[in-house]
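J.: Input work11.pdb, format and content: PDB, C-alpha atoms.
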```pdb
ATOM      1  CA  MET Y  19    -104.026  52.521-127.036  1.00  0.00           C
ATOM      2  CA  SER Y  20    -102.803  53.662-130.425  1.00  0.00           C
ATOM      3  CA  GLU Y  21    -103.827  56.201-133.027  1.00  0.00           C
ATOM      4  CA  HIS Y  22    -105.469  53.278-134.846  1.00  0.00           C
ATOM      5  CA  SER Y  23    -107.759  52.431-131.926  1.00  0.00           C
ATOM      6  CA  PRO Y  24    -111.461  52.815-132.686  1.00  0.00           C
ATOM      7  CA  LEU Y  25    -112.896  56.304-132.213  1.00  0.00           C
ATOM      8  CA  VAL Y  26    -116.002  56.670-130.019  1.00  0.00           C
ATOM      9  CA  LEU Y  27    -118.054  59.876-129.863  1.00  0.00           C
ATOM     10  CA  VAL Y  28    -119.923  60.361-126.573  1.00  0.00           C
ATOM     11  CA  VAL Y  29    -122.879  62.738-126.953  1.00  0.00           C
ATOM     12  CA  GLU Y  30    -124.410  63.724-123.620  1.00  0.00           C
ATOM     13  CA  ASP Y  31    -125.753  67.097-122.446  1.00  0.00           C
ATOM     14  CA  GLU Y  32    -124.646  66.467-118.852  1.00  0.00           C
ATOM     15  CA  PRO Y  33    -120.891  67.208-119.019  1.00  0.00           C
ATOM     16  CA  ASP Y  34    -120.050  65.242-115.857  1.00  0.00           C
ATOM     17  CA  LEU Y  35    -121.757  62.146-117.258  1.00  0.00           C
ATOM     18  CA  ALA Y  36    -120.155  62.554-120.695  1.00  0.00           C
ATOM     19  CA  ASP Y  37    -116.741  62.900-119.055  1.00  0.00           C
ATOM     20  CA  LEU Y  38    -117.403  59.831-116.898  1.00  0.00           C
ATOM     21  CA  TYR Y  39    -118.296  57.734-119.956  1.00  0.00           C
ATOM     22  CA  ALA Y  40    -115.175  59.025-121.709  1.00  0.00           C
ATOM     23  CA  ALA Y  41    -113.045  58.053-118.696  1.00  0.00           C
ATOM     24  CA  TRP Y  42    -114.573  54.557-118.641  1.00  0.00           C
ATOM     25  CA  LEU Y  43    -113.734  54.050-122.317  1.00  0.00           C
ATOM     26  CA  GLY Y  44    -110.479  55.991-122.550  1.00  0.00           C
ATOM     27  CA  ASP Y  45    -108.176  53.068-121.788  1.00  0.00           C
ATOM     28  CA  GLU Y  46    -109.334  51.069-124.795  1.00  0.00           C
ATOM     29  CA  TYR Y  47    -110.576  53.644-127.304  1.00  0.00           C
ATOM     30  CA  ARG Y  48    -109.949  57.129-128.562  1.00  0.00           C
ATOM     31  CA  VAL Y  49    -112.885  59.137-127.217  1.00  0.00           C
ATOM     32  CA  ARG Y  50    -114.318  62.520-128.150  1.00  0.00           C
ATOM     33  CA  THR Y  51    -117.157  64.165-126.256  1.00  0.00           C
ATOM     34  CA  ALA Y  52    -119.930  66.471-127.360  1.00  0.00           C
ATOM     35  CA  TYR Y  53    -122.150  68.174-124.783  1.00  0.00           C
ATOM     36  CA  GLY Y  54    -125.136  68.624-127.088  1.00  0.00           C
ATOM     37  CA  GLY Y  55    -126.671  67.635-130.393  1.00  0.00           C
ATOM     38  CA  GLN Y  56    -125.352  70.470-132.523  1.00  0.00           C
ATOM     39  CA  GLU Y  57    -121.869  70.062-131.061  1.00  0.00           C
ATOM     40  CA  ALA Y  58    -122.050  66.363-131.992  1.00  0.00           C
ATOM     41  CA  LEU Y  59    -122.845  67.170-135.623  1.00  0.00           C
ATOM     42  CA  ASP Y  60    -120.082  69.788-135.675  1.00  0.00           C
ATOM     43  CA  ARG Y  61    -117.622  67.216-134.305  1.00  0.00           C
ATOM     44  CA  LEU Y  62    -118.677  64.747-136.994  1.00  0.00           C
ATOM     45  CA  ASP Y  63    -118.237  67.411-139.701  1.00  0.00           C
ATOM     46  CA  GLU Y  64    -114.786  68.411-138.515  1.00  0.00           C
ATOM     47  CA  ALA Y  65    -113.591  64.896-137.742  1.00  0.00           C
ATOM     48  CA  ASP Y  66    -110.347  64.201-139.530  1.00  0.00           C
ATOM     49  CA  ASP Y  67    -110.817  60.571-138.620  1.00  0.00           C
ATOM     50  CA  GLU Y  68    -113.873  58.402-139.091  1.00  0.00           C
ATOM     51  CA  VAL Y  69    -115.991  57.873-135.977  1.00  0.00           C
ATOM     52  CA  ASP Y  70    -116.552  54.151-135.390  1.00  0.00           C
ATOM     53  CA  ALA Y  71    -119.273  54.336-132.726  1.00  0.00           C
ATOM     54  CA  ILE Y  72    -121.529  56.953-131.154  1.00  0.00           C
ATOM     55  CA  LEU Y  73    -123.059  56.825-127.677  1.00  0.00           C
ATOM     56  CA  LEU Y  74    -126.006  59.185-127.983  1.00  0.00           C
ATOM     57  CA  ASP Y  75    -128.253  60.662-125.308  1.00  0.00           C
ATOM     58  CA  ARG Y  76    -131.800  60.779-126.608  1.00  0.00           C
ATOM     59  CA  ARG Y  77    -133.239  63.731-124.703  1.00  0.00           C
ATOM     60  CA  MET Y  78    -131.128  66.864-124.977  1.00  0.00           C
ATOM     61  CA  PRO Y  79    -132.102  70.529-125.191  1.00  0.00           C
ATOM     62  CA  GLY Y  80    -131.825  72.040-128.659  1.00  0.00           C
ATOM     63  CA  LEU Y  81    -131.045  69.244-131.083  1.00  0.00           C
ATOM     64  CA  SER Y  82    -132.344  65.972-129.605  1.00  0.00           C
ATOM     65  CA  GLY Y  83    -130.623  62.615-129.902  1.00  0.00           C
ATOM     66  CA  ASP Y  84    -133.382  61.502-132.274  1.00  0.00           C
ATOM     67  CA  GLU Y  85    -132.565  64.447-134.574  1.00  0.00           C
ATOM     68  CA  VAL Y  86    -128.814  63.806-134.348  1.00  0.00           C
ATOM     69  CA  LEU Y  87    -129.393  60.149-135.221  1.00  0.00           C
ATOM     70  CA  ALA Y  88    -131.546  61.097-138.217  1.00  0.00           C
ATOM     71  CA  ALA Y  89    -128.853  63.525-139.422  1.00  0.00           C
ATOM     72  CA  VAL Y  90    -126.111  60.892-139.018  1.00  0.00           C
ATOM     73  CA  ARG Y  91    -128.072  58.415-141.126  1.00  0.00           C
ATOM     74  CA  GLU Y  92    -129.096  61.051-143.726  1.00  0.00           C
ATOM     75  CA  ARG Y  93    -125.461  62.081-144.151  1.00  0.00           C
ATOM     76  CA  GLY Y  94    -124.481  58.455-144.743  1.00  0.00           C
ATOM     77  CA  ILE Y  95    -122.037  58.412-141.831  1.00  0.00           C
ATOM     78  CA  ASP Y  96    -121.117  54.755-141.530  1.00  0.00           C
ATOM     79  CA  CYS Y  97    -120.858  54.090-137.807  1.00  0.00           C
ATOM     80  CA  ARG Y  98    -122.735  52.147-135.182  1.00  0.00           C
ATOM     81  CA  VAL Y  99    -124.952  54.093-132.747  1.00  0.00           C
ATOM     82  CA  ALA Y 100    -126.225  53.222-129.278  1.00  0.00           C
ATOM     83  CA  MET Y 101    -128.806  55.388-127.598  1.00  0.00           C
ATOM     84  CA  VAL Y 102    -127.884  55.838-123.913  1.00  0.00           C
ATOM     85  CA  THR Y 103    -130.898  57.474-122.366  1.00  0.00           C
ATOM     86  CA  ALA Y 104    -133.340  57.748-119.497  1.00  0.00           C
ATOM     87  CA  VAL Y 105    -136.226  57.521-121.997  1.00  0.00           C
ATOM     88  CA  GLU Y 106    -137.991  54.178-121.704  1.00  0.00           C
ATOM     89  CA  PRO Y 107    -138.340  52.586-125.145  1.00  0.00           C
ATOM     90  CA  ASP Y 108    -141.696  52.723-126.903  1.00  0.00           C
ATOM     91  CA  PHE Y 109    -142.878  51.582-130.331  1.00  0.00           C
ATOM     92  CA  ASP Y 110    -141.366  54.737-131.862  1.00  0.00           C
ATOM     93  CA  ILE Y 111    -137.929  53.083-131.606  1.00  0.00           C
ATOM     94  CA  LEU Y 112    -138.900  50.737-134.448  1.00  0.00           C
ATOM     95  CA  LYS Y 113    -138.420  53.551-136.959  1.00  0.00           C
ATOM     96  CA  MET Y 114    -135.119  54.754-135.542  1.00  0.00           C
ATOM     97  CA  GLY Y 115    -131.769  53.825-137.077  1.00  0.00           C
ATOM     98  CA  PHE Y 116    -129.785  52.958-133.958  1.00  0.00           C
ATOM     99  CA  ASP Y 117    -127.972  49.696-133.263  1.00  0.00           C
ATOM    100  CA  ASP Y 118    -128.473  49.366-129.519  1.00  0.00           C
ATOM    101  CA  TYR Y 119    -130.474  51.036-126.745  1.00  0.00           C
ATOM    102  CA  LEU Y 120    -129.383  51.408-123.131  1.00  0.00           C
ATOM    103  CA  VAL Y 121    -131.580  52.821-120.387  1.00  0.00           C
ATOM    104  CA  LYS Y 122    -129.749  54.915-117.788  1.00  0.00           C
ATOM    105  CA  PRO Y 123    -128.202  54.466-115.360  1.00  0.00           C
ATOM    106  CA  VAL Y 124    -125.544  52.277-116.983  1.00  0.00           C
ATOM    107  CA  THR Y 125    -122.457  50.702-115.459  1.00  0.00           C
ATOM    108  CA  SER Y 126    -118.946  50.954-116.844  1.00  0.00           C
ATOM    109  CA  ASP Y 127    -119.034  47.243-117.742  1.00  0.00           C
ATOM    110  CA  THR Y 128    -122.312  47.635-119.642  1.00  0.00           C
ATOM    111  CA  LEU Y 129    -120.989  50.660-121.511  1.00  0.00           C
ATOM    112  CA  ARG Y 130    -117.750  48.893-122.459  1.00  0.00           C
ATOM    113  CA  GLU Y 131    -119.615  45.754-123.564  1.00  0.00           C
ATOM    114  CA  THR Y 132    -121.973  47.869-125.656  1.00  0.00           C
ATOM    115  CA  VAL Y 133    -119.129  49.650-127.448  1.00  0.00           C
ATOM    116  CA  GLU Y 134    -117.346  46.340-128.027  1.00  0.00           C
ATOM    117  CA  GLY Y 135    -120.552  44.885-129.485  1.00  0.00           C
ATOM    118  CA  LEU Y 136    -121.118  47.928-131.700  1.00  0.00           C
ATOM    119  CA  LEU Y 137    -117.606  47.699-133.121  1.00  0.00           C
ATOM    120  CA  ARG Y 138    -117.939  43.964-133.714  1.00  0.00           C
ATOM    121  CA  ARG Y 139    -121.227  44.527-135.559  1.00  0.00           C
ATOM    122  CA  GLY Y 140    -119.491  46.969-137.887  1.00  0.00           C
ATOM    123  CA  GLU Y 141    -117.492  44.033-139.262  1.00  0.00           C
ATOM    124  CA  TYR Y 142    -120.605  42.194-140.473  1.00  0.00           C
ATOM    125  CA  ASP Y 143    -122.547  42.681-143.691  1.00  0.00           C
ATOM    126  CA  THR Y 144    -125.611  44.923-143.710  1.00  0.00           C
ATOM    127  CA  ASP Y 145    -128.148  42.104-143.280  1.00  0.00           C
ATOM    128  CA  VAL Y 146    -126.413  40.826-140.152  1.00  0.00           C
ATOM    129  CA  GLN Y 147    -126.079  44.395-138.810  1.00  0.00           C
ATOM    130  CA  GLU Y 148    -129.800  44.898-139.395  1.00  0.00           C
ATOM    131  CA  LEU Y 149    -130.569  41.589-137.654  1.00  0.00           C
ATOM    132  CA  PHE Y 150    -128.584  42.680-134.574  1.00  0.00           C
ATOM    133  CA  SER Y 151    -130.275  46.083-134.522  1.00  0.00           C
ATOM    134  CA  LEU Y 152    -133.805  44.708-134.914  1.00  0.00           C
ATOM    135  CA  THR Y 153    -133.212  41.980-132.338  1.00  0.00           C
ATOM    136  CA  SER Y 154    -132.052  44.627-129.866  1.00  0.00           C
ATOM    137  CA  LYS Y 155    -135.206  46.682-130.486  1.00  0.00           C
ATOM    138  CA  LYS Y 156    -137.388  43.595-130.090  1.00  0.00           C
ATOM    139  CA  ALA Y 157    -135.748  42.706-126.768  1.00  0.00           C
ATOM    140  CA  MET Y 158    -136.171  46.259-125.439  1.00  0.00           C
ATOM    141  CA  LEU Y 159    -139.856  46.334-126.365  1.00  0.00           C
ATOM    142  CA  GLU Y 160    -140.446  42.898-124.843  1.00  0.00           C
ATOM    143  CA  THR Y 161    -139.096  44.127-121.507  1.00  0.00           C
ATOM    144  CA  GLU Y 162    -141.277  47.256-121.562  1.00  0.00           C
ATOM    145  CA  LYS Y 163    -144.546  46.127-123.154  1.00  0.00           C
ATOM    146  CA  SER Y 164    -147.115  43.471-122.265  1.00  0.00           C
ATOM    147  CA  ALA Y 165    -147.725  40.486-124.529  1.00  0.00           C
ATOM    148  CA  GLY Y 166    -151.100  42.009-125.439  1.00  0.00           C
ATOM    149  CA  GLU Y 167    -149.579  45.364-126.405  1.00  0.00           C
ATOM    150  CA  LEU Y 168    -147.026  43.598-128.581  1.00  0.00           C
ATOM    151  CA  ALA Y 169    -149.620  41.362-130.227  1.00  0.00           C
ATOM    152  CA  ASP Y 170    -151.826  44.360-131.048  1.00  0.00           C
ATOM    153  CA  ASN Y 171    -149.045  46.392-132.686  1.00  0.00           C
ATOM    154  CA  ASP Y 172    -148.663  46.052-136.468  1.00  0.00           C
ATOM    155  CA  GLU Y 173    -145.151  47.519-136.468  1.00  0.00           C
ATOM    156  CA  TYR Y 174    -144.021  44.943-133.899  1.00  0.00           C
ATOM    157  CA  ARG Y 175    -145.422  42.125-136.069  1.00  0.00           C
ATOM    158  CA  ARG Y 176    -143.553  43.517-139.099  1.00  0.00           C
ATOM    159  CA  LEU Y 177    -140.422  43.681-136.940  1.00  0.00           C
ATOM    160  CA  THR Y 178    -140.672  40.009-135.964  1.00  0.00           C
ATOM    161  CA  ASP Y 179    -141.378  39.025-139.587  1.00  0.00           C
ATOM    162  CA  ARG Y 180    -138.271  40.920-140.741  1.00  0.00           C
ATOM    163  CA  ILE Y 181    -136.162  39.271-138.027  1.00  0.00           C
ATOM    164  CA  ASP Y 182    -137.393  35.847-139.166  1.00  0.00           C
ATOM    165  CA  GLU Y 183    -136.559  36.726-142.772  1.00  0.00           C
ATOM    166  CA  LEU Y 184    -133.055  37.914-141.875  1.00  0.00           C
ATOM    167  CA  ARG Y 185    -132.396  34.848-139.697  1.00  0.00           C
ATOM    168  CA  SER Y 186    -133.480  32.608-142.549  1.00  0.00           C
ATOM    169  CA  LYS Y 187    -131.077  34.369-144.928  1.00  0.00           C
ATOM    170  CA  ALA Y 188    -128.261  34.049-142.399  1.00  0.00           C
ATOM    171  CA  ASP Y 189    -129.004  30.348-141.928  1.00  0.00           C
ATOM    172  CA  GLU Y 190    -128.959  29.804-145.708  1.00  0.00           C
ATOM    173  CA  SER Y 191    -125.627  31.629-145.995  1.00  0.00           C
ATOM    174  CA  LEU Y 192    -124.147  29.539-143.200  1.00  0.00           C
ATOM    175  CA  GLU Y 193    -125.435  26.338-144.814  1.00  0.00           C
ATOM    176  CA  ALA Y 194    -123.824  27.301-148.115  1.00  0.00           C
ATOM    177  CA  VAL Y 195    -120.517  27.905-146.373  1.00  0.00           C
ATOM    178  CA  THR Y 196    -120.607  24.705-144.320  1.00  0.00           C
ATOM    179  CA  GLU Y 197    -121.513  22.516-147.317  1.00  0.00           C
ATOM    180  CA  GLY Y 198    -118.398  23.477-149.256  1.00  0.00           C
ATOM    181  CA  ASP Y 199    -114.920  22.037-148.911  1.00  0.00           C
ATOM    182  CA  ASP Y 200    -113.663  25.517-148.050  1.00  0.00           C
ATOM    183  CA  PHE Y 201    -115.301  25.302-144.637  1.00  0.00           C
ATOM    184  CA  ASP Y 202    -113.605  21.976-143.853  1.00  0.00           C
ATOM    185  CA  ALA Y 203    -110.299  23.296-145.154  1.00  0.00           C
ATOM    186  CA  LEU Y 204    -110.627  26.367-142.972  1.00  0.00           C
ATOM    187  CA  PHE Y 205    -110.954  24.240-139.867  1.00  0.00           C
ATOM    188  CA  GLN Y 206    -108.150  21.917-140.944  1.00  0.00           C
ATOM    189  CA  GLU Y 207    -105.893  24.965-141.283  1.00  0.00           C
ATOM    190  CA  PHE Y 208    -107.079  26.229-137.914  1.00  0.00           C
ATOM    191  CA  ASP Y 209    -106.406  22.837-136.265  1.00  0.00           C
ATOM    192  CA  ALA Y 210    -102.974  22.620-137.913  1.00  0.00           C
ATOM    193  CA  GLY Y 211    -102.151  26.100-136.596  1.00  0.00           C
ATOM    194  CA  GLU Y 212    -102.675  24.941-133.031  1.00  0.00           C
TER
END
```
Could you render the structure as structure tokens?
T.:
Amino acid sequence: MSEHSPLVLVVEDEPDLADLYAAWLGDEYRVRTAYGGQEALDRLDEADDEVDAILLDRRMPGLSGDEVLAAVRERGIDCRVAMVTAVEPDFDILKMGFDDYLVKPVTSDTLRETVEGLLRRGEYDTDVQELFSLTSKKAMLETEKSAGELADNDEYRRLTDRIDELRSKADESLEAVTEGDDFDALFQEFDAGE
């Protein structure tokens, strides 16, 4: 690991759990821990280096994960955020600005895969990032809610409409790329490199 490795902030009010997550990630990433919401915001303010991803507990005494997330987005901090929480997802997650949602307990493999996915998403444009985030929310709700509950919820219908719109835009962008000679040339260069 180098000083250029991605920086992950683990925010968890149970110190043993925060330290465990940090240990799981420490081989691949630079990791900082915060044992509460206010400490997380302080760490973000004093960070001399940009945080690439945040693993954020949702239910904490004092400043909750929801409030920390809102502050991160209001401040324009450009990083990916995964909620790692014991709180089962409900329709309120549709208005929250996170990128992924994990329900505790989580394994080291799941945590590593989540961070890897968050960092990969940061490389995409905003529409693709939004598509990933909304698709994650949709999947979480579909595991927790009945088909009837989903069908009766206006916000869920707007969510699926937005996902369809974003997928359509992504498909159009891909079509435009694949129709041009640049796409063929890219693969010819790739094949020649092998």
J.: How close does each residue of stretch 123-194 of chain Y get to stretch 108-114 of chain Y, giving the shortest atom pair and distance in Å to one decimal for every residue with an atom at most 9 Å away, counting all atoms listed in the file, sorted by chain and residue number, as JSON lines?
T.:
```
{"residue": "Y:Leu152", "atom": "CA", "partner": "Y:Leu112", "partner_atom": "CA", "distance": 7.9}
{"residue": "Y:Lys155", "atom": "CA", "partner": "Y:Leu112", "partner_atom": "CA", "distance": 6.8}
{"residue": "Y:Lys156", "atom": "CA", "partner": "Y:Leu112", "partner_atom": "CA", "distance": 8.5}
{"residue": "Y:Met158", "atom": "CA", "partner": "Y:Asp108", "partner_atom": "CA", "distance": 8.6}
{"residue": "Y:Leu159", "atom": "CA", "partner": "Y:Asp108", "partner_atom": "CA", "distance": 6.7}
{"residue": "Y:Glu162", "atom": "CA", "partner": "Y:Asp108", "partner_atom": "CA", "distance": 7.7}
{"residue": "Y:Lys163", "atom": "CA", "partner": "Y:Asp108", "partner_atom": "CA", "distance": 8.1}
{"residue": "Y:Asn171", "atom": "CA", "partner": "Y:Phe109", "partner_atom": "CA", "distance": 8.4}
{"residue": "Y:Glu173", "atom": "CA", "partner": "Y:Leu112", "partner_atom": "CA", "distance": 7.3}
{"residue": "Y:Tyr174", "atom": "CA", "partner": "Y:Phe109", "partner_atom": "CA", "distance": 7.6}
{"residue": "Y:Leu177", "atom": "CA", "partner": "Y:Leu112", "partner_atom": "CA", "distance": 7.6}
```
J.: Can you list every residue of stretch 67-109 of chain Y that has an atom at most 8 Å from stretch 126-136 of chain Y, with its nearest atom pair and the distance in Å to one decimal, using only C-alpha atoms, ordered by chain then number, as a tab-separated table?
T.:
```
residue	atom	partner	partner_atom	distance
Y:Ala71	CA	Y:Leu136	CA	6.7
Y:Arg98	CA	Y:Leu136	CA	5.7
Y:Val99	CA	Y:Leu136	CA	7.3
Y:Ala100	CA	Y:Thr132	CA	7.7
```
J.: Under the rule that all atoms listed in the file are counted, which of Y:Val29, Y:Val121, Y:Ala165, Y:Ala104 is the nearest residue to Y:Leu73?
T.: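 Closest to Y:Leu73 of all the choices is Y:Val29.
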J.: Hey, what's within 12 Å of stretch 184-186 of chain Y if we count all atoms listed in the file and toss same-chain stuff fewer than 2 positions away? As a PyMOL selection string, please?
T.: chain Y and resi 143-153+177-182+188-193
J.: Please return, as a short mmCIF file (atom, residue, chain, number, x, y, z; two decimals) with C-alpha atoms, in the coordinates of the input, all polymer residues that have at least one atom within 12 Å of the point (-116.4, 57.0, -133.7); use all atoms listed in the file and the file's own coordinate frame.
T.:
```cif
data_model
loop_
_atom_site.label_atom_id
_atom_site.label_comp_id
_atom_site.auth_asym_id
_atom_site.auth_seq_id
_atom_site.Cartn_x
_atom_site.Cartn_y
_atom_site.Cartn_z
CA HIS Y 22 -105.47 53.28 -134.85
CA SER Y 23 -107.76 52.43 -131.93
CA PRO Y 24 -111.46 52.82 -132.69
CA LEU Y 25 -112.90 56.30 -132.21
CA VAL Y 26 -116.00 56.67 -130.02
CA LEU Y 27 -118.05 59.88 -129.86
CA VAL Y 28 -119.92 60.36 -126.57
CA VAL Y 29 -122.88 62.74 -126.95
CA TYR Y 47 -110.58 53.64 -127.30
CA ARG Y 48 -109.95 57.13 -128.56
CA VAL Y 49 -112.88 59.14 -127.22
CA ARG Y 50 -114.32 62.52 -128.15
CA THR Y 51 -117.16 64.17 -126.26
CA ALA Y 52 -119.93 66.47 -127.36
CA ALA Y 58 -122.05 66.36 -131.99
CA ARG Y 61 -117.62 67.22 -134.30
CA LEU Y 62 -118.68 64.75 -136.99
CA ALA Y 65 -113.59 64.90 -137.74
CA ASP Y 66 -110.35 64.20 -139.53
CA ASP Y 67 -110.82 60.57 -138.62
CA GLU Y 68 -113.87 58.40 -139.09
CA VAL Y 69 -115.99 57.87 -135.98
CA ASP Y 70 -116.55 54.15 -135.39
CA ALA Y 71 -119.27 54.34 -132.73
CA ILE Y 72 -121.53 56.95 -131.15
CA LEU Y 73 -123.06 56.82 -127.68
CA LEU Y 74 -126.01 59.18 -127.98
CA VAL Y 90 -126.11 60.89 -139.02
CA ILE Y 95 -122.04 58.41 -141.83
CA ASP Y 96 -121.12 54.76 -141.53
CA CYS Y 97 -120.86 54.09 -137.81
CA ARG Y 98 -122.74 52.15 -135.18
CA VAL Y 99 -124.95 54.09 -132.75
CA ALA Y 100 -126.22 53.22 -129.28
CA VAL Y 133 -119.13 49.65 -127.45
CA LEU Y 136 -121.12 47.93 -131.70
CA LEU Y 137 -117.61 47.70 -133.12
CA GLY Y 140 -119.49 46.97 -137.89
#
```
J.: When you draw a straight line from atom CA of Y:Ala88 to atom CA of Y:Phe116, how long is it in Å?
T.: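 That distance, rounded to one decimal, is 9.4 Å.
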J.: Using only C-alpha atoms, can you list as number ranges by chain the residues within 12 Å of (-125.3, 71.9, -132.1)?
T.: Y: 29-31, 52-63, 78-83, 85-86, 89
J.: Have a look at atom CA of Y:Ala157 and atom CA of Y:Tyr39 and let me know their distance in Å, one decimal.
T.: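 Distance between the two atoms: 24.0 Å.
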J.: Could you tell me which residues the PyMOL selection byres ((chain Y and resi 105) around 10) returns for this structure, as a ChimeraX atom specification?
T.: /Y:75-77,101-104,106-108,119-122
J.: Adding 5 Å on each side of the box along x, y and z that holds all listed atoms of stretch 134-146 of chain Y, could you give its centre and edge lengths in Å to one decimal, as JSON?
T.:
```
{"center_x": -122.7, "center_y": 44.4, "center_z": -135.9, "size_x": 20.8, "size_y": 17.1, "size_z": 25.7}
```
J.: Can you work out the spacing between atom CA of Y:Asp84 and atom CA of Y:Glu32 in Å, to one decimal?
T.: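 For atom CA of Y:Asp84 relative to atom CA of Y:Glu32, the distance reads 16.8 Å.
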J.: Output requested as an mmCIF file, keeping the file's coordinate frame - stretch 27-34 of chain Y, filled out with all heavy atoms.
T.:
```cif
data_model
loop_
_atom_site.group_PDB
_atom_site.id
_atom_site.type_symbol
_atom_site.label_atom_id
_atom_site.label_comp_id
_atom_site.auth_asym_id
_atom_site.auth_seq_id
_atom_site.Cartn_x
_atom_site.Cartn_y
_atom_site.Cartn_z
ATOM 1 N N LEU Y 27 -117.533 58.544 -130.178
ATOM 2 C CA LEU Y 27 -118.054 59.876 -129.863
ATOM 3 C C LEU Y 27 -119.147 59.729 -128.813
ATOM 4 O O LEU Y 27 -120.141 59.034 -129.037
ATOM 5 C CB LEU Y 27 -118.624 60.552 -131.125
ATOM 6 C CG LEU Y 27 -119.273 61.922 -130.922
ATOM 7 C CD1 LEU Y 27 -118.264 62.943 -130.392
ATOM 8 C CD2 LEU Y 27 -119.900 62.416 -132.235
ATOM 9 N N VAL Y 28 -118.940 60.367 -127.659
ATOM 10 C CA VAL Y 28 -119.923 60.361 -126.573
ATOM 11 C C VAL Y 28 -120.702 61.661 -126.663
ATOM 12 O O VAL Y 28 -120.117 62.748 -126.569
ATOM 13 C CB VAL Y 28 -119.234 60.238 -125.196
ATOM 14 C CG1 VAL Y 28 -120.265 60.354 -124.075
ATOM 15 C CG2 VAL Y 28 -118.453 58.931 -125.099
ATOM 16 N N VAL Y 29 -122.019 61.553 -126.841
ATOM 17 C CA VAL Y 29 -122.879 62.738 -126.953
ATOM 18 C C VAL Y 29 -123.846 62.724 -125.770
ATOM 19 O O VAL Y 29 -124.728 61.874 -125.677
ATOM 20 C CB VAL Y 29 -123.666 62.731 -128.286
ATOM 21 C CG1 VAL Y 29 -124.471 64.020 -128.420
ATOM 22 C CG2 VAL Y 29 -122.734 62.525 -129.468
ATOM 23 N N GLU Y 30 -123.650 63.681 -124.870
ATOM 24 C CA GLU Y 30 -124.410 63.724 -123.620
ATOM 25 C C GLU Y 30 -124.443 65.163 -123.140
ATOM 26 O O GLU Y 30 -123.394 65.809 -123.053
ATOM 27 C CB GLU Y 30 -123.722 62.812 -122.593
ATOM 28 C CG GLU Y 30 -124.209 62.923 -121.185
ATOM 29 C CD GLU Y 30 -125.661 62.544 -120.999
ATOM 30 O OE1 GLU Y 30 -126.037 61.402 -121.321
ATOM 31 O OE2 GLU Y 30 -126.433 63.428 -120.543
ATOM 32 N N ASP Y 31 -125.651 65.694 -122.839
ATOM 33 C CA ASP Y 31 -125.753 67.097 -122.446
ATOM 34 C C ASP Y 31 -125.363 67.346 -120.997
ATOM 35 O O ASP Y 31 -125.217 68.496 -120.592
ATOM 36 C CB ASP Y 31 -127.152 67.646 -122.738
ATOM 37 C CG ASP Y 31 -128.234 67.014 -121.877
ATOM 38 O OD1 ASP Y 31 -128.215 65.767 -121.706
ATOM 39 O OD2 ASP Y 31 -129.109 67.741 -121.383
ATOM 40 N N GLU Y 32 -125.157 66.302 -120.211
ATOM 41 C CA GLU Y 32 -124.646 66.467 -118.852
ATOM 42 C C GLU Y 32 -123.131 66.248 -118.903
ATOM 43 O O GLU Y 32 -122.680 65.104 -119.006
ATOM 44 C CB GLU Y 32 -125.294 65.464 -117.909
ATOM 45 C CG GLU Y 32 -126.779 65.682 -117.719
ATOM 46 C CD GLU Y 32 -127.402 64.646 -116.784
ATOM 47 O OE1 GLU Y 32 -126.766 64.340 -115.748
ATOM 48 O OE2 GLU Y 32 -128.479 64.146 -117.102
ATOM 49 N N PRO Y 33 -122.341 67.332 -118.857
ATOM 50 C CA PRO Y 33 -120.891 67.208 -119.019
ATOM 51 C C PRO Y 33 -120.226 66.208 -118.076
ATOM 52 O O PRO Y 33 -119.340 65.465 -118.485
ATOM 53 C CB PRO Y 33 -120.379 68.630 -118.764
ATOM 54 C CG PRO Y 33 -121.531 69.507 -119.146
ATOM 55 C CD PRO Y 33 -122.757 68.739 -118.735
ATOM 56 N N ASP Y 34 -120.662 66.182 -116.801
ATOM 57 C CA ASP Y 34 -120.050 65.242 -115.857
ATOM 58 C C ASP Y 34 -120.258 63.795 -116.296
ATOM 59 O O ASP Y 34 -119.359 62.966 -116.180
ATOM 60 C CB ASP Y 34 -120.620 65.437 -114.443
ATOM 61 C CG ASP Y 34 -120.178 66.748 -113.810
ATOM 62 O OD1 ASP Y 34 -119.215 67.358 -114.334
ATOM 63 O OD2 ASP Y 34 -120.784 67.157 -112.809
#
```
